[in-house]
Amino acid sequence: MSNAASPAAAAPRLAAAPTPTSVRVKASLTRRYRAERRFRAYGIVAILVALGFLVLLFSSIIGNGYSAFWQASLRLDITLDATAIDPDGTRDPDTLATADYAGLIREALSKRFPGVSGRDARRKLFGLVSQGGTYDLARMVSADPGLIGRTISVWLPLSDDADMLIKGHIPRDVAEAERRVSDQEIVWLDELAAKGDVEKKFNVRFFTNGDSREPELAGIWGATVGSLLTMLVTIAISFPLGVASAVYLEEFARKNRWTDLIEVNINNLAAVPSIVFGLLGLAVFLNFFGLPRSAPLVGGLVLAIMTLPTIIIAGRAALTSVPPSIREAAYGLGASPVQAVFHHVLPLAMPGMLTGAIIGMARALGETAPLLMIGMVAFIVDIPHGFRDPATVLPVQVYLWADSPERAFVEKTSAAIMVLLAFLIVMNAAAVYLRKKFEVRW
Amino acid sequence: MDEAMTGMNEEVGLSFGADDSEPLGQTPGSASGAETPAKFVSRGVDVFYGAKQALFSIDIDIMPNEVTALIGPSGCGKSTFLRCLNRMNDIIDGCRFSGSIVLDGEDIYARAIDVVHLRARVGMVFQKPNPFPKSVYENVAYGPRIHGLASSTADMDEVVRTSLERAGLWEEVKDRLHEPGTGLSGGQQQRLCIARAIAVEPEVILMDEPCSALDPIATARIEELIDELRTNYTIVIVTHNVQQAARVSQRTAFFHLGKLIEFGDTDQIFTNPRAERTRDYITGRFG
Ligand SMILES: Nc1ncnc2c1ncn2[C@@H]1O[C@H](COP(=O)(O)OP(=O)(O)OP(=O)(O)O)[C@@H](O)[C@H]1O
Ligand SMILES: [Mg+2]
């Protein structure tokens with residue numbers, strides 16, 4: 001009744017002529033709206049600038065790097081001569097694996113270009129095909145010894161300089177002395193290309209090989225495995241430690257001068273330059289504990305120490321954002337502090353903690369400086385198989401390739417960056433997904 | 001323990017002098033005949049938040065199977081006193097307690113007391129409904145589960161069902177037991193919190209303004225519920241609604257600025273208050 005009456009009572013006041021107050025409010029409104037429009041414009045400009053830089057970054061990386069996913073290959077008819085491969089006919093795997101396939105390739109090339117003579121010219125001709133061709137043949141024959149004695153037509157990778165020429169990264173119109181491919185080589189390659197015997201194939205090696213001095217054979221699998229192993233160590237150490245510290249500091253520790261001191265120190269640690277953690281790792285893990293150099297184990301430990309403050313800070317923020325009424329409800333029912341935390345508070349804080357952890361991991365994945373200090377910058381060809389094997393990681397691989405003089409490493413560098421970015425994007429997407437999945441609506 | 005009790009009572013007898021600051025009303029413990037021992041006996045309770053004193057020497061006896069209402073203007077310390085009864089103030093940083101509160105002859109602030117056990121005996125319903133962000137079923141089952149009160153799933157189903165029935169919520173939620181408790185309406189959430197509290201079978205239920213967010217119908221239902229619960233439990237309720245105190249309680253305590261002004265039978269307080277300030281408050285002249 002009284003509810004129904006009050007709007008009716010209010011209506012005449014609203015309908016009355018504009019009072020001075022309402023006039024003033026109106027005047028200030030136009031001003032406020034103008035300020036709002038201005039602010040929106042600033043925001044849009046800021047976002048456009050940021051997007052512009054992002055587009056620039058991505059287009060330059062992709063523009064430089066996409067060609068690394070293809071590799072120029074040459075089709076050759078190779079006679080797998082039984083006397084050259086397996087003169088005794090034992091089909092012994094060792095013999096098959098170590099036979100002189102390079103000689104077979106040379107023979108095939110000579111047959112292809114019979115007119116070529118003279119040491120220099122022949123060496124140039126044989127140099128067109130990458131060393132990798134030998135390994136390919138060895139693998140094929142080992143897998144199927146029945147091929148011996150037959151003539152097969154195979155695609156073999158071209159050497160990095162020939163590859164660069166085919167991809168157009170080596171200019172043809174400069175003086176011969178100023179480019180790494182001679183006129184004679186260009187003639188041969190053009191002739192082969194005209195017959196359809198040179199083709200750009202998908203570069204599987206890039207994804208399956210370790211590092212190499214030959215750009216056309218270098219791959220990122222070694223660095224990827226190294227990164228994965230390192231990240232495993234990092235997350236296995238920093239997440240439980242970080243969550244435990246955050247929970248203890250936020251939920252159990254008494255607030256006093258000591259916890260204040262700890263808090264200040266954790267915040268400071270988060271701001272310490274990462275290379276300092278590398279020096280710490282060098283002094284403690286390598287020199288004192290004598291752990292192996294260049295190992296994912298040590299890299300992971302160093303990165304775990306580096307990410308720990310981030311995870312603790314994010315974890316504490318997530319815990320404080322859990323409403324106190326939930327704790328009260330649990331305590332009011334007679335839950336012990338540990339039960340209140342583990343049954344109610346922690347599950348609600350988990351999305352925030354996971355997000356913090358993944359952001360910390362993403363930073364660790366892109367970290368180079370501390371790993372240089374503990375020797376993960378070494379040139380490592382083998383794929384690491386364990387936490388103590390020498391390894392390198394993706395960002396260090398990028399650094400190593402960026403530092404190499406060969407033209408072909410330019411595209412490898414960008415391609416490795418693309419792979420690294422893909423990992424980072426996947427991790428951030430995982431963070432968003434986990435947050436959405438575990439988020440509780442109130 | 002008996003010694004402690006008698007000692008306590010003597011002290012009470014002494015402390016009730018002619019001093020103006022002492023609460024008016026009957027001597028604690030004498031209301032329903034001296035034979036019935038009080039459930040809670042609070043003596044000289046002072047509470048400080050940091051340097052600020054929120055309660056000044058509170059003496060109240062809370063009788064079993066009765067509803068005791070705490071009324072008074074905002075900020076007078078009603079919630080603070082209520083939270084002393086199950087030591088919920090322990091989790092507030094900088095909150096200090098002195099005095100004694102005896103539950104069934106045991107000082108609940110004694111060192112030997114297990115707070116977790118105490119809170120299982122003295123349940124609480126908060127001012128703002130605070131269901132766990134879990135299913136209705138899980139909300140009610142949580143207390144019995146952590147205390148190991150149900151031995152089988154069937155047992156637990158039974159506990160959940162009876163608790164919800166007694167809270168007057170069963171009919172409304174029986175088809176949505178596995179939907180989140182936070183998806184219920186405000187009044188339903190508050191009854192869910194009551195069901196959750198009674199599922200642990202506490203001896204005392206503390207309610208801090210349980211109806212402040214509810215419409216008249218839900219309020220009436222909760223008042224009915226309180227009246228039913230009185231047969232099995234001891235209830236202490238904080239309320240801003242003086243009429244509600246008159247309707248549901250047998251005894252009323254009036255607080256003002258951290259002091260207990262008057263404590264006695266509800267009928268007496270509402271028909272014939274002894275203190276001027278009590279009269280002013282219940283007739284709506286201040287507060
Ligand atoms: N956590 C706290 N920290 C500091 N002071 C507090 C805290 N809780 C309550 N107080 C103070 O203690 C006094 C009593 O508070 P209390 O919450 O008990 O009042 P109340 O009677 O329940 O009031 P209301 O009816 O508004 O709920 C108030 O002056 C309040 O400011
Ligand atoms: Mg209150």
# chains A, B, ... in the order shown; residues from 1 in each chain; ligands from 1
call {"tool": "residues_around", "arguments": {"residues": "Arg119 (chain B)", "least_positions_apart": "5", "cutoff": "7 Å", "atoms": "only C-alpha atoms", "output": "PDB file with all heavy atoms, in the first residue's frame"}}
result
ATOM      1  N   GLY A 332      32.608 -21.832  11.426  1.00  0.00           N
ATOM      2  CA  GLY A 332      31.377 -21.883  12.208  1.00  0.00           C
ATOM      3  C   GLY A 332      30.798 -23.285  12.292  1.00  0.00           C
ATOM      4  O   GLY A 332      30.064 -23.602  13.224  1.00  0.00           O
ATOM      5  N   LEU A 333      31.129 -24.119  11.296  1.00  0.00           N
ATOM      6  CA  LEU A 333      30.628 -25.495  11.320  1.00  0.00           C
ATOM      7  C   LEU A 333      31.572 -26.412  12.075  1.00  0.00           C
ATOM      8  O   LEU A 333      31.305 -27.600  12.221  1.00  0.00           O
ATOM      9  CB  LEU A 333      30.483 -26.028   9.896  1.00  0.00           C
ATOM     10  CG  LEU A 333      29.287 -25.524   9.116  1.00  0.00           C
ATOM     11  CD1 LEU A 333      29.358 -26.013   7.693  1.00  0.00           C
ATOM     12  CD2 LEU A 333      28.011 -26.003   9.767  1.00  0.00           C
ATOM     13  N   GLY A 334      32.686 -25.856  12.532  1.00  0.00           N
ATOM     14  CA  GLY A 334      33.632 -26.691  13.259  1.00  0.00           C
ATOM     15  C   GLY A 334      34.703 -27.294  12.372  1.00  0.00           C
ATOM     16  O   GLY A 334      35.276 -28.322  12.707  1.00  0.00           O
TER      17      GLY A 334
ATOM     18  N   ASN B  86      31.124 -18.659  20.446  1.00  0.00           N
ATOM     19  CA  ASN B  86      31.779 -19.808  19.809  1.00  0.00           C
ATOM     20  C   ASN B  86      33.189 -19.458  19.368  1.00  0.00           C
ATOM     21  O   ASN B  86      33.756 -20.076  18.491  1.00  0.00           O
ATOM     22  CB  ASN B  86      30.948 -20.362  18.640  1.00  0.00           C
ATOM     23  CG  ASN B  86      30.869 -19.412  17.480  1.00  0.00           C
ATOM     24  OD1 ASN B  86      31.201 -18.244  17.618  1.00  0.00           O
ATOM     25  ND2 ASN B  86      30.439 -19.901  16.335  1.00  0.00           N
TER      26      ASN B  86
END
call {"tool": "residues_around", "arguments": {"residues": "Val129 (chain A)", "least_positions_apart": "5", "cutoff": "9 Å", "atoms": "only C-alpha atoms", "output": "list in words"}}
result
Ser73, Leu74, Ile105, Leu156, Pro157, Leu158, Ser159, Asp160 and Ala162 of chain A
call {"tool": "residues_near_ligand", "arguments": {"ligand": "ligand 2", "cutoff": "7 Å", "atoms": "only C-alpha atoms and all ligand atoms", "output": "ChimeraX atom specification"}}
result
/B:75,78-79,208
call {"tool": "write_last_selection", "arguments": {"atoms": "N, CA, C and O atoms", "output": "CSV table (one decimal), in the first residue's frame"}}
result
chain,number,residue,atom,x,y,z
B,75,GLY,N,26.3,-1.1,16.2
B,75,GLY,CA,27.6,-0.9,16.7
B,75,GLY,C,27.7,-1.0,18.2
B,75,GLY,O,28.7,-0.7,18.8
B,78,LYS,N,26.6,-6.3,19.8
B,78,LYS,CA,25.8,-7.5,19.8
B,78,LYS,C,26.5,-8.6,19.1
B,78,LYS,O,26.6,-9.7,19.6
B,79,SER,N,26.9,-8.3,17.8
B,79,SER,CA,27.6,-9.4,17.1
B,79,SER,C,28.9,-9.8,17.8
B,79,SER,O,29.2,-11.0,17.9
B,208,ASP,N,23.0,-14.4,13.8
B,208,ASP,CA,23.3,-13.0,13.8
B,208,ASP,C,22.4,-12.3,12.7
B,208,ASP,O,22.7,-12.4,11.5
call {"tool": "interface_residues", "arguments": {"of": "chain B", "to": "chain A", "cutoff": "8 Å", "atoms": "only C-alpha atoms", "output": "NGL selection string"}}
result
:B and (86 or 88 or 93 or 115-120 or 123-126 or 130-133 or 143 or 146 or 182-183 or 197 or 200)
call {"tool": "write_last_selection", "arguments": {"atoms": "N, CA, C and O atoms", "output": "short mmCIF file (atom, residue, chain, number, x, y, z; two decimals), in the first residue's frame"}}
result
data_model
loop_
_atom_site.label_atom_id
_atom_site.label_comp_id
_atom_site.auth_asym_id
_atom_site.auth_seq_id
_atom_site.Cartn_x
_atom_site.Cartn_y
_atom_site.Cartn_z
N ASN B 86 31.12 -18.66 20.45
CA ASN B 86 31.78 -19.81 19.81
C ASN B 86 33.19 -19.46 19.37
O ASN B 86 33.76 -20.08 18.49
N MET B 88 34.43 -17.16 17.59
CA MET B 88 34.69 -16.76 16.21
C MET B 88 35.58 -15.53 16.18
O MET B 88 36.17 -15.21 15.15
N ASP B 93 42.18 -10.64 13.57
CA ASP B 93 43.46 -10.13 14.06
C ASP B 93 43.23 -8.96 15.01
O ASP B 93 42.43 -8.07 14.72
N VAL B 115 38.86 -25.56 20.16
CA VAL B 115 37.95 -24.62 19.51
C VAL B 115 37.10 -25.32 18.46
O VAL B 115 35.92 -25.01 18.29
N VAL B 116 37.72 -26.26 17.75
CA VAL B 116 36.99 -26.95 16.69
C VAL B 116 35.80 -27.72 17.30
O VAL B 116 34.68 -27.67 16.79
N HIS B 117 36.05 -28.36 18.42
CA HIS B 117 34.98 -29.10 19.09
C HIS B 117 33.90 -28.14 19.58
O HIS B 117 32.70 -28.39 19.43
N LEU B 118 34.36 -27.02 20.15
CA LEU B 118 33.41 -26.02 20.64
C LEU B 118 32.47 -25.57 19.53
O LEU B 118 31.25 -25.49 19.70
N ARG B 119 33.05 -25.31 18.35
CA ARG B 119 32.24 -24.77 17.26
C ARG B 119 31.31 -25.83 16.70
O ARG B 119 30.29 -25.51 16.09
N ALA B 120 31.67 -27.08 16.88
CA ALA B 120 30.73 -28.13 16.49
C ALA B 120 29.55 -28.16 17.46
O ALA B 120 28.44 -28.53 17.09
N GLY B 123 26.76 -23.92 16.98
CA GLY B 123 26.70 -23.58 15.56
C GLY B 123 26.35 -22.12 15.37
O GLY B 123 25.92 -21.43 16.29
N MET B 124 26.55 -21.65 14.14
CA MET B 124 26.32 -20.22 13.90
C MET B 124 25.69 -19.99 12.54
O MET B 124 26.03 -20.64 11.57
N VAL B 125 24.75 -19.07 12.50
CA VAL B 125 24.16 -18.62 11.25
C VAL B 125 24.49 -17.13 11.13
O VAL B 125 24.24 -16.37 12.06
N PHE B 126 25.04 -16.77 9.99
CA PHE B 126 25.58 -15.41 9.89
C PHE B 126 24.54 -14.44 9.36
O PHE B 126 23.52 -14.82 8.78
N ASN B 130 25.75 -17.17 3.71
CA ASN B 130 27.06 -17.48 3.12
C ASN B 130 27.17 -18.96 2.78
O ASN B 130 28.03 -19.64 3.31
N PRO B 131 26.30 -19.46 1.88
CA PRO B 131 26.46 -20.86 1.50
C PRO B 131 27.79 -21.05 0.79
O PRO B 131 28.31 -20.12 0.18
N PHE B 132 28.33 -22.27 0.88
CA PHE B 132 29.52 -22.59 0.11
C PHE B 132 29.15 -22.63 -1.36
O PHE B 132 28.04 -23.04 -1.70
N PRO B 133 30.05 -22.24 -2.24
CA PRO B 133 29.74 -22.35 -3.67
C PRO B 133 29.77 -23.80 -4.14
O PRO B 133 30.52 -24.16 -5.03
N GLY B 143 29.23 -30.38 7.14
CA GLY B 143 29.48 -30.47 8.59
C GLY B 143 29.47 -31.91 9.07
O GLY B 143 30.45 -32.38 9.66
N ILE B 146 32.70 -33.78 7.94
CA ILE B 146 33.98 -33.55 8.61
C ILE B 146 33.96 -34.06 10.04
O ILE B 146 34.98 -34.41 10.60
N THR B 182 24.50 -21.44 -4.13
CA THR B 182 24.55 -20.01 -4.35
C THR B 182 23.49 -19.56 -5.36
O THR B 182 23.28 -18.37 -5.53
N GLY B 183 22.86 -20.53 -6.04
CA GLY B 183 21.83 -20.17 -7.01
C GLY B 183 20.45 -20.00 -6.39
O GLY B 183 19.50 -19.66 -7.10
N ALA B 197 23.69 -25.52 9.59
CA ALA B 197 24.09 -25.44 10.99
C ALA B 197 23.46 -26.54 11.82
O ALA B 197 24.11 -27.12 12.68
N VAL B 200 24.78 -30.51 11.93
CA VAL B 200 25.83 -31.00 12.83
C VAL B 200 25.28 -31.29 14.21
O VAL B 200 26.04 -31.67 15.10
#
call {"tool": "residues_near_ligand", "arguments": {"ligand": "ligand 1", "cutoff": "8 Å", "atoms": "only C-alpha atoms and all ligand atoms", "output": "ChimeraX atom specification"}}
result
/B:48-50,52-55,71-82,92-95,208-209,238-240,255,257-258
call {"tool": "write_last_selection", "arguments": {"atoms": "N, CA and C atoms", "output": "PDB file, in the first residue's frame"}}
result
ATOM      1  N   PHE B  48      38.256  -6.283  23.225  1.00  0.00           N
ATOM      2  CA  PHE B  48      38.945  -5.138  22.617  1.00  0.00           C
ATOM      3  C   PHE B  48      39.241  -5.459  21.161  1.00  0.00           C
ATOM      4  N   TYR B  49      39.036  -4.453  20.304  1.00  0.00           N
ATOM      5  CA  TYR B  49      39.564  -4.558  18.939  1.00  0.00           C
ATOM      6  C   TYR B  49      40.756  -3.625  18.894  1.00  0.00           C
ATOM      7  N   GLY B  50      41.941  -4.134  18.941  1.00  0.00           N
ATOM      8  CA  GLY B  50      43.119  -3.282  19.082  1.00  0.00           C
ATOM      9  C   GLY B  50      43.009  -2.545  20.405  1.00  0.00           C
ATOM     10  N   LYS B  52      40.635  -0.326  20.995  1.00  0.00           N
ATOM     11  CA  LYS B  52      39.242   0.092  21.220  1.00  0.00           C
ATOM     12  C   LYS B  52      38.465  -1.005  21.942  1.00  0.00           C
ATOM     13  N   GLN B  53      37.814  -0.605  23.043  1.00  0.00           N
ATOM     14  CA  GLN B  53      37.043  -1.596  23.793  1.00  0.00           C
ATOM     15  C   GLN B  53      35.635  -1.668  23.213  1.00  0.00           C
ATOM     16  N   ALA B  54      35.213  -2.867  22.839  1.00  0.00           N
ATOM     17  CA  ALA B  54      33.903  -3.024  22.217  1.00  0.00           C
ATOM     18  C   ALA B  54      32.868  -3.550  23.207  1.00  0.00           C
ATOM     19  N   LEU B  55      33.286  -4.294  24.222  1.00  0.00           N
ATOM     20  CA  LEU B  55      32.347  -4.800  25.230  1.00  0.00           C
ATOM     21  C   LEU B  55      32.913  -4.508  26.612  1.00  0.00           C
ATOM     22  N   ILE B  71      19.421  -7.260  21.584  1.00  0.00           N
ATOM     23  CA  ILE B  71      19.002  -6.093  20.808  1.00  0.00           C
ATOM     24  C   ILE B  71      19.838  -4.892  21.215  1.00  0.00           C
ATOM     25  N   GLY B  72      19.742  -3.857  20.413  1.00  0.00           N
ATOM     26  CA  GLY B  72      20.482  -2.643  20.719  1.00  0.00           C
ATOM     27  C   GLY B  72      20.840  -1.915  19.445  1.00  0.00           C
ATOM     28  N   PRO B  73      21.185  -0.650  19.562  1.00  0.00           N
ATOM     29  CA  PRO B  73      21.503   0.134  18.355  1.00  0.00           C
ATOM     30  C   PRO B  73      22.750  -0.392  17.651  1.00  0.00           C
ATOM     31  N   SER B  74      22.897  -0.017  16.406  1.00  0.00           N
ATOM     32  CA  SER B  74      24.004  -0.503  15.596  1.00  0.00           C
ATOM     33  C   SER B  74      25.350  -0.153  16.232  1.00  0.00           C
ATOM     34  N   GLY B  75      26.256  -1.108  16.196  1.00  0.00           N
ATOM     35  CA  GLY B  75      27.601  -0.866  16.718  1.00  0.00           C
ATOM     36  C   GLY B  75      27.713  -1.007  18.221  1.00  0.00           C
ATOM     37  N   CYS B  76      26.665  -1.537  18.877  1.00  0.00           N
ATOM     38  CA  CYS B  76      26.705  -1.605  20.336  1.00  0.00           C
ATOM     39  C   CYS B  76      27.402  -2.866  20.820  1.00  0.00           C
ATOM     40  N   GLY B  77      27.748  -3.764  19.932  1.00  0.00           N
ATOM     41  CA  GLY B  77      28.521  -4.934  20.354  1.00  0.00           C
ATOM     42  C   GLY B  77      27.739  -6.227  20.392  1.00  0.00           C
ATOM     43  N   LYS B  78      26.566  -6.269  19.780  1.00  0.00           N
ATOM     44  CA  LYS B  78      25.755  -7.496  19.798  1.00  0.00           C
ATOM     45  C   LYS B  78      26.486  -8.626  19.081  1.00  0.00           C
ATOM     46  N   SER B  79      26.929  -8.341  17.849  1.00  0.00           N
ATOM     47  CA  SER B  79      27.623  -9.381  17.091  1.00  0.00           C
ATOM     48  C   SER B  79      28.888  -9.796  17.814  1.00  0.00           C
ATOM     49  N   THR B  80      29.581  -8.830  18.362  1.00  0.00           N
ATOM     50  CA  THR B  80      30.824  -9.137  19.062  1.00  0.00           C
ATOM     51  C   THR B  80      30.556 -10.121  20.189  1.00  0.00           C
ATOM     52  N   PHE B  81      29.494  -9.881  20.958  1.00  0.00           N
ATOM     53  CA  PHE B  81      29.202 -10.795  22.062  1.00  0.00           C
ATOM     54  C   PHE B  81      28.825 -12.178  21.523  1.00  0.00           C
ATOM     55  N   LEU B  82      27.994 -12.168  20.489  1.00  0.00           N
ATOM     56  CA  LEU B  82      27.562 -13.447  19.918  1.00  0.00           C
ATOM     57  C   LEU B  82      28.765 -14.265  19.473  1.00  0.00           C
ATOM     58  N   ILE B  92      39.825 -13.083  14.201  1.00  0.00           N
ATOM     59  CA  ILE B  92      40.015 -11.673  13.837  1.00  0.00           C
ATOM     60  C   ILE B  92      41.328 -11.199  14.429  1.00  0.00           C
ATOM     61  N   ASP B  93      42.176 -10.637  13.571  1.00  0.00           N
ATOM     62  CA  ASP B  93      43.458 -10.135  14.061  1.00  0.00           C
ATOM     63  C   ASP B  93      43.228  -8.963  15.006  1.00  0.00           C
ATOM     64  N   GLY B  94      43.929  -8.950  16.110  1.00  0.00           N
ATOM     65  CA  GLY B  94      43.878  -7.813  17.018  1.00  0.00           C
ATOM     66  C   GLY B  94      42.673  -7.818  17.945  1.00  0.00           C
ATOM     67  N   CYS B  95      41.914  -8.914  17.961  1.00  0.00           N
ATOM     68  CA  CYS B  95      40.766  -8.971  18.856  1.00  0.00           C
ATOM     69  C   CYS B  95      41.192  -9.664  20.154  1.00  0.00           C
ATOM     70  N   ASP B 208      22.996 -14.402  13.830  1.00  0.00           N
ATOM     71  CA  ASP B 208      23.281 -12.969  13.773  1.00  0.00           C
ATOM     72  C   ASP B 208      22.386 -12.323  12.724  1.00  0.00           C
ATOM     73  N   GLU B 209      21.344 -11.682  13.180  1.00  0.00           N
ATOM     74  CA  GLU B 209      20.381 -11.035  12.281  1.00  0.00           C
ATOM     75  C   GLU B 209      20.019 -11.936  11.107  1.00  0.00           C
ATOM     76  N   VAL B 238      20.590 -12.346  17.377  1.00  0.00           N
ATOM     77  CA  VAL B 238      20.772 -10.891  17.340  1.00  0.00           C
ATOM     78  C   VAL B 238      19.745 -10.345  16.380  1.00  0.00           C
ATOM     79  N   THR B 239      19.046  -9.309  16.760  1.00  0.00           N
ATOM     80  CA  THR B 239      18.084  -8.756  15.820  1.00  0.00           C
ATOM     81  C   THR B 239      17.972  -7.251  15.992  1.00  0.00           C
ATOM     82  N   HIS B 240      17.708  -6.593  14.885  1.00  0.00           N
ATOM     83  CA  HIS B 240      17.451  -5.150  14.901  1.00  0.00           C
ATOM     84  C   HIS B 240      15.970  -4.887  15.000  1.00  0.00           C
ATOM     85  N   PHE B 255      21.673  -4.027  24.689  1.00  0.00           N
ATOM     86  CA  PHE B 255      23.037  -3.508  24.732  1.00  0.00           C
ATOM     87  C   PHE B 255      23.033  -2.055  24.299  1.00  0.00           C
ATOM     88  N   LEU B 257      26.249   0.884  23.529  1.00  0.00           N
ATOM     89  CA  LEU B 257      27.655   1.314  23.573  1.00  0.00           C
ATOM     90  C   LEU B 257      28.561   0.304  24.277  1.00  0.00           C
ATOM     91  N   GLY B 258      28.354  -0.960  23.965  1.00  0.00           N
ATOM     92  CA  GLY B 258      29.243  -1.981  24.505  1.00  0.00           C
ATOM     93  C   GLY B 258      28.897  -2.419  25.915  1.00  0.00           C
TER      94      GLY B 258
END
call {"tool": "select_by_dssp", "arguments": {"residues": "region 44-192 of chain B", "states": "alpha helix (DSSP H)", "output": "number ranges by chain"}}
result
B: 78-84, 115-121, 136-147, 153-166, 170-173, 186-192
call {"tool": "residues_around", "arguments": {"residues": "region 51-62 of chain A", "least_positions_apart": "5", "cutoff": "8 Å", "atoms": "only C-alpha atoms", "output": "ChimeraX atom specification"}}
result
/A:414-415,417-418
call {"tool": "write_last_selection", "arguments": {"atoms": "N, CA and C atoms", "output": "PDB file, in the first residue's frame"}}
result
ATOM      1  N   SER A 414      63.852 -16.784 -37.009  1.00  0.00           N
ATOM      2  CA  SER A 414      62.464 -16.329 -36.957  1.00  0.00           C
ATOM      3  C   SER A 414      61.519 -17.502 -36.759  1.00  0.00           C
ATOM      4  N   ALA A 415      61.836 -18.631 -37.408  1.00  0.00           N
ATOM      5  CA  ALA A 415      60.954 -19.790 -37.269  1.00  0.00           C
ATOM      6  C   ALA A 415      60.962 -20.292 -35.834  1.00  0.00           C
ATOM      7  N   ILE A 417      61.502 -18.474 -33.230  1.00  0.00           N
ATOM      8  CA  ILE A 417      60.708 -17.516 -32.453  1.00  0.00           C
ATOM      9  C   ILE A 417      59.226 -17.838 -32.605  1.00  0.00           C
ATOM     10  N   MET A 418      58.826 -18.202 -33.850  1.00  0.00           N
ATOM     11  CA  MET A 418      57.416 -18.541 -34.058  1.00  0.00           C
ATOM     12  C   MET A 418      57.013 -19.726 -33.196  1.00  0.00           C
TER      13      MET A 418
END
call {"tool": "residues_around", "arguments": {"residues": "region 244-252 of chain B", "least_positions_apart": "5", "cutoff": "12 Å", "atoms": "only C-alpha atoms", "output": "VMD selection string"}}
result
chain B and resid 24 to 26 28 to 29 31 to 32 60 to 72 78 209 to 212 216 219 to 230 234 to 239 260 to 271 273 278 282
